[in-house]
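Peer 1: Hey, dropping work-v2.txt in here, compact mmCIF, C-alpha atoms:
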```txt
# COMPACT_ATOMS: atom_id res chain seq x y z
CA MET A 1 125.33 84.83 78.69
CA ARG A 2 125.17 81.05 78.74
CA GLU A 3 127.76 78.94 80.56
CA ASN A 4 128.85 77.36 77.25
CA ASP A 5 129.53 80.82 75.83
CA ILE A 6 131.56 81.79 78.89
CA ARG A 7 133.67 78.61 78.57
CA PHE A 8 134.18 79.28 74.85
CA PHE A 9 135.43 82.83 75.45
CA LYS A 10 137.55 81.82 78.44
CA HIS A 11 139.26 79.18 76.32
CA MET A 12 139.76 81.68 73.48
CA LEU A 13 141.24 84.26 75.84
CA GLU A 14 143.54 81.75 77.54
CA GLU A 15 144.85 80.50 74.19
CA ARG A 16 145.52 84.03 72.98
CA ARG A 17 147.21 84.87 76.29
CA GLU A 18 149.53 81.87 75.94
CA GLN A 19 150.40 82.85 72.36
CA ILE A 20 151.17 86.44 73.37
CA LEU A 21 153.40 85.27 76.21
CA LYS A 22 155.34 83.09 73.74
CA ASN A 23 155.62 86.04 71.36
CA ILE A 24 156.79 88.38 74.11
CA HIS A 25 159.38 85.88 75.27
CA GLY A 26 160.62 85.41 71.70
CA SER A 27 160.70 89.16 71.02
CA SER A 28 162.52 89.86 74.27
CA LYS A 29 165.14 87.28 73.40
CA GLU A 30 165.47 88.75 69.91
CA LEU A 31 165.93 92.25 71.36
CA ASP A 32 168.55 90.96 73.78
CA ASP A 33 170.38 89.27 70.93
CA LEU A 34 170.33 92.51 68.93
CA HIS A 35 171.75 94.47 71.87
CA GLU A 36 174.51 91.91 72.40
CA SER A 37 175.35 91.66 68.70
CA HIS A 38 178.80 92.89 67.78
CA ASP A 39 178.22 92.35 64.06
CA VAL A 40 177.21 95.97 63.45
CA MET A 41 179.91 97.08 61.05
CA ASP A 42 178.85 100.47 59.71
CA GLU A 43 176.25 103.21 60.00
CA GLY A 44 173.88 101.37 57.66
CA ASP A 45 173.97 98.25 59.84
CA PHE A 46 173.47 100.39 62.94
CA ALA A 47 170.47 102.16 61.36
CA SER A 48 168.97 98.82 60.35
CA VAL A 49 169.41 97.37 63.84
CA SER A 50 167.96 100.54 65.40
CA THR A 51 164.91 100.40 63.12
CA ASP A 52 164.36 96.71 63.86
CA ASN A 53 164.70 97.47 67.55
CA MET A 54 162.07 100.25 67.41
CA ILE A 55 159.64 98.05 65.46
CA ASN A 56 160.10 95.15 67.89
CA GLU A 57 159.56 97.46 70.86
CA GLU A 58 156.32 98.80 69.33
CA ILE A 59 155.07 95.26 68.70
CA LEU A 60 156.05 94.28 72.23
CA ALA A 61 154.18 97.29 73.69
CA ALA A 62 151.05 96.42 71.68
CA GLN A 63 151.19 92.82 72.84
CA GLN A 64 151.68 93.90 76.46
CA LYS A 65 148.57 96.11 76.12
CA GLU A 66 146.55 93.23 74.66
CA LEU A 67 147.79 90.93 77.42
CA THR A 68 146.56 93.41 80.04
CA GLU A 69 143.15 93.57 78.32
CA ILE A 70 142.96 89.77 78.20
CA ASP A 71 143.81 89.54 81.91
CA GLU A 72 141.06 92.07 82.65
CA ALA A 73 138.57 90.02 80.59
CA LEU A 74 139.55 86.82 82.42
CA ALA A 75 139.04 88.63 85.75
CA LYS A 76 135.57 89.67 84.56
CA ILE A 77 134.78 86.03 83.82
CA GLN A 78 135.80 85.19 87.41
CA HIS A 79 133.58 87.96 88.78
CA GLY A 80 130.60 87.21 86.54
CA THR A 81 130.74 90.54 84.68
CA TYR A 82 132.19 89.34 81.37
CA GLY A 83 130.43 90.55 78.24
CA ILE A 84 128.89 93.60 79.91
CA CYS A 85 129.69 97.03 78.47
CA GLU A 86 131.66 99.17 80.94
CA MET A 87 129.87 102.30 79.79
CA CYS A 88 126.17 101.47 79.38
CA GLU A 89 126.19 98.17 81.32
CA GLU A 90 124.27 96.42 78.52
CA PRO A 91 125.44 93.07 77.08
CA ILE A 92 128.14 93.28 74.41
CA GLY A 93 127.04 91.52 71.21
CA MET A 94 128.27 87.96 70.66
CA GLN A 95 129.63 88.83 67.21
CA ARG A 96 131.72 91.63 68.71
CA LEU A 97 133.07 89.34 71.41
CA LYS A 98 133.94 86.70 68.83
CA VAL A 99 136.04 89.28 66.97
CA LYS A 100 137.46 90.93 70.10
CA PRO A 101 136.88 88.71 73.13
CA PHE A 102 138.42 91.28 75.48
CA ALA A 103 136.11 94.11 74.32
CA LYS A 104 135.19 96.53 77.10
CA TYR A 105 132.41 98.32 75.26
CA CYS A 106 129.48 97.53 73.00
CA ILE A 107 129.69 98.93 69.46
CA THR A 108 127.75 102.11 70.29
CA CYS A 109 129.79 102.93 73.38
CA ARG A 110 133.07 102.07 71.62
CA GLN A 111 132.30 104.77 69.05
CA ILE A 112 131.59 107.26 71.84
CA ALA A 113 134.77 106.29 73.73
CA GLU A 114 136.91 106.66 70.59
CA LYS A 115 135.54 110.16 69.94
CA SER A 116 136.17 111.31 73.52
CA PRO A 117 139.51 113.00 74.15
CA ALA A 118 141.84 110.74 76.13
```
Would you mind writing the file's structure down as structure tokens?
Peer 2:
Amino acid sequence: MRENDIRFFKHMLEERREQILKNIHGSSKELDDLHESHDVMDEGDFASVSTDNMINEEILAAQQKELTEIDEALAKIQHGTYGICEMCEEPIGMQRLKVKPFAKYCITCRQIAEKSPA
């Protein structure tokens, strides 16, 4: 992979990382505000707050997972292994990386990994 490509993906990953951190901070504050809220008047309000809380926690978990994957991709850039499939060790296609810059697998290996029991 060319140096320009590496810089492009590093910049993309760093921008996404910053956005996720802002989102996580905002979501955490929102969850704290919900927990501290004393405006819950009845069972309907409580159910609504509980549902919002569960949705926010799911979003937060997904963003934490993506943040971990981004950090792993940035570490690969540092070690010179970015863009290499973890399964077959072949280069991951540029189009795939443009869609998912923290991809661990090429398209073929991703399909194999998804079919394998976790």
Peer 1: Between A:Ala103, A:Cys109, A:Ile77, A:Ala62, which is the closest to Arg7 in chain A once you count only C-alpha atoms?
Peer 2: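 So, comparing all the options, the nearest one is A:Ile77.
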Peer 1: Which one of A:Gln95, A:Glu86, A:Thr68, A:Lys22 sits closest to Arg110 in chain A if you count all atoms listed in the file?
Peer 2: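 Closest to Arg110 in chain A of all the choices is A:Glu86.
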Peer 1: Compare A:Cys106, A:Leu67, A:Ile55, A:Ala75 by their minimum atom-to-atom distance to Ile24 in chain A, counting only C-alpha atoms, and give me the closest one.
Peer 2: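 Nearest candidate to Ile24 in chain A out of A:Cys106, A:Leu67, A:Ile55, A:Ala75: A:Leu67.
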Peer 1: Quick one: residues within 12 Å of range 91-94 of chain A, only C-alpha atoms counted, chain neighbours fewer than 4 positions away excluded, as a VMD selection string?
Peer 2: chain A and resid 1 to 2 5 to 6 8 to 9 81 to 87 98 to 110
Peer 1: May I ask which of the residues A:His25, A:Glu18, A:Ala113, A:Glu90 is the closest one to Asn56 in chain A, counting only C-alpha atoms?
Peer 2: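 Answer, going by the shortest atom-to-atom distance: A:His25.
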Peer 1: Would you mind reading off the distance between CA of Glu72 in chain A and CA of Arg17 in chain A, one decimal, in Å?
Peer 2: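 CA of Arg17 in chain A lies at a distance of 11.4 Å from CA of Glu72 in chain A.
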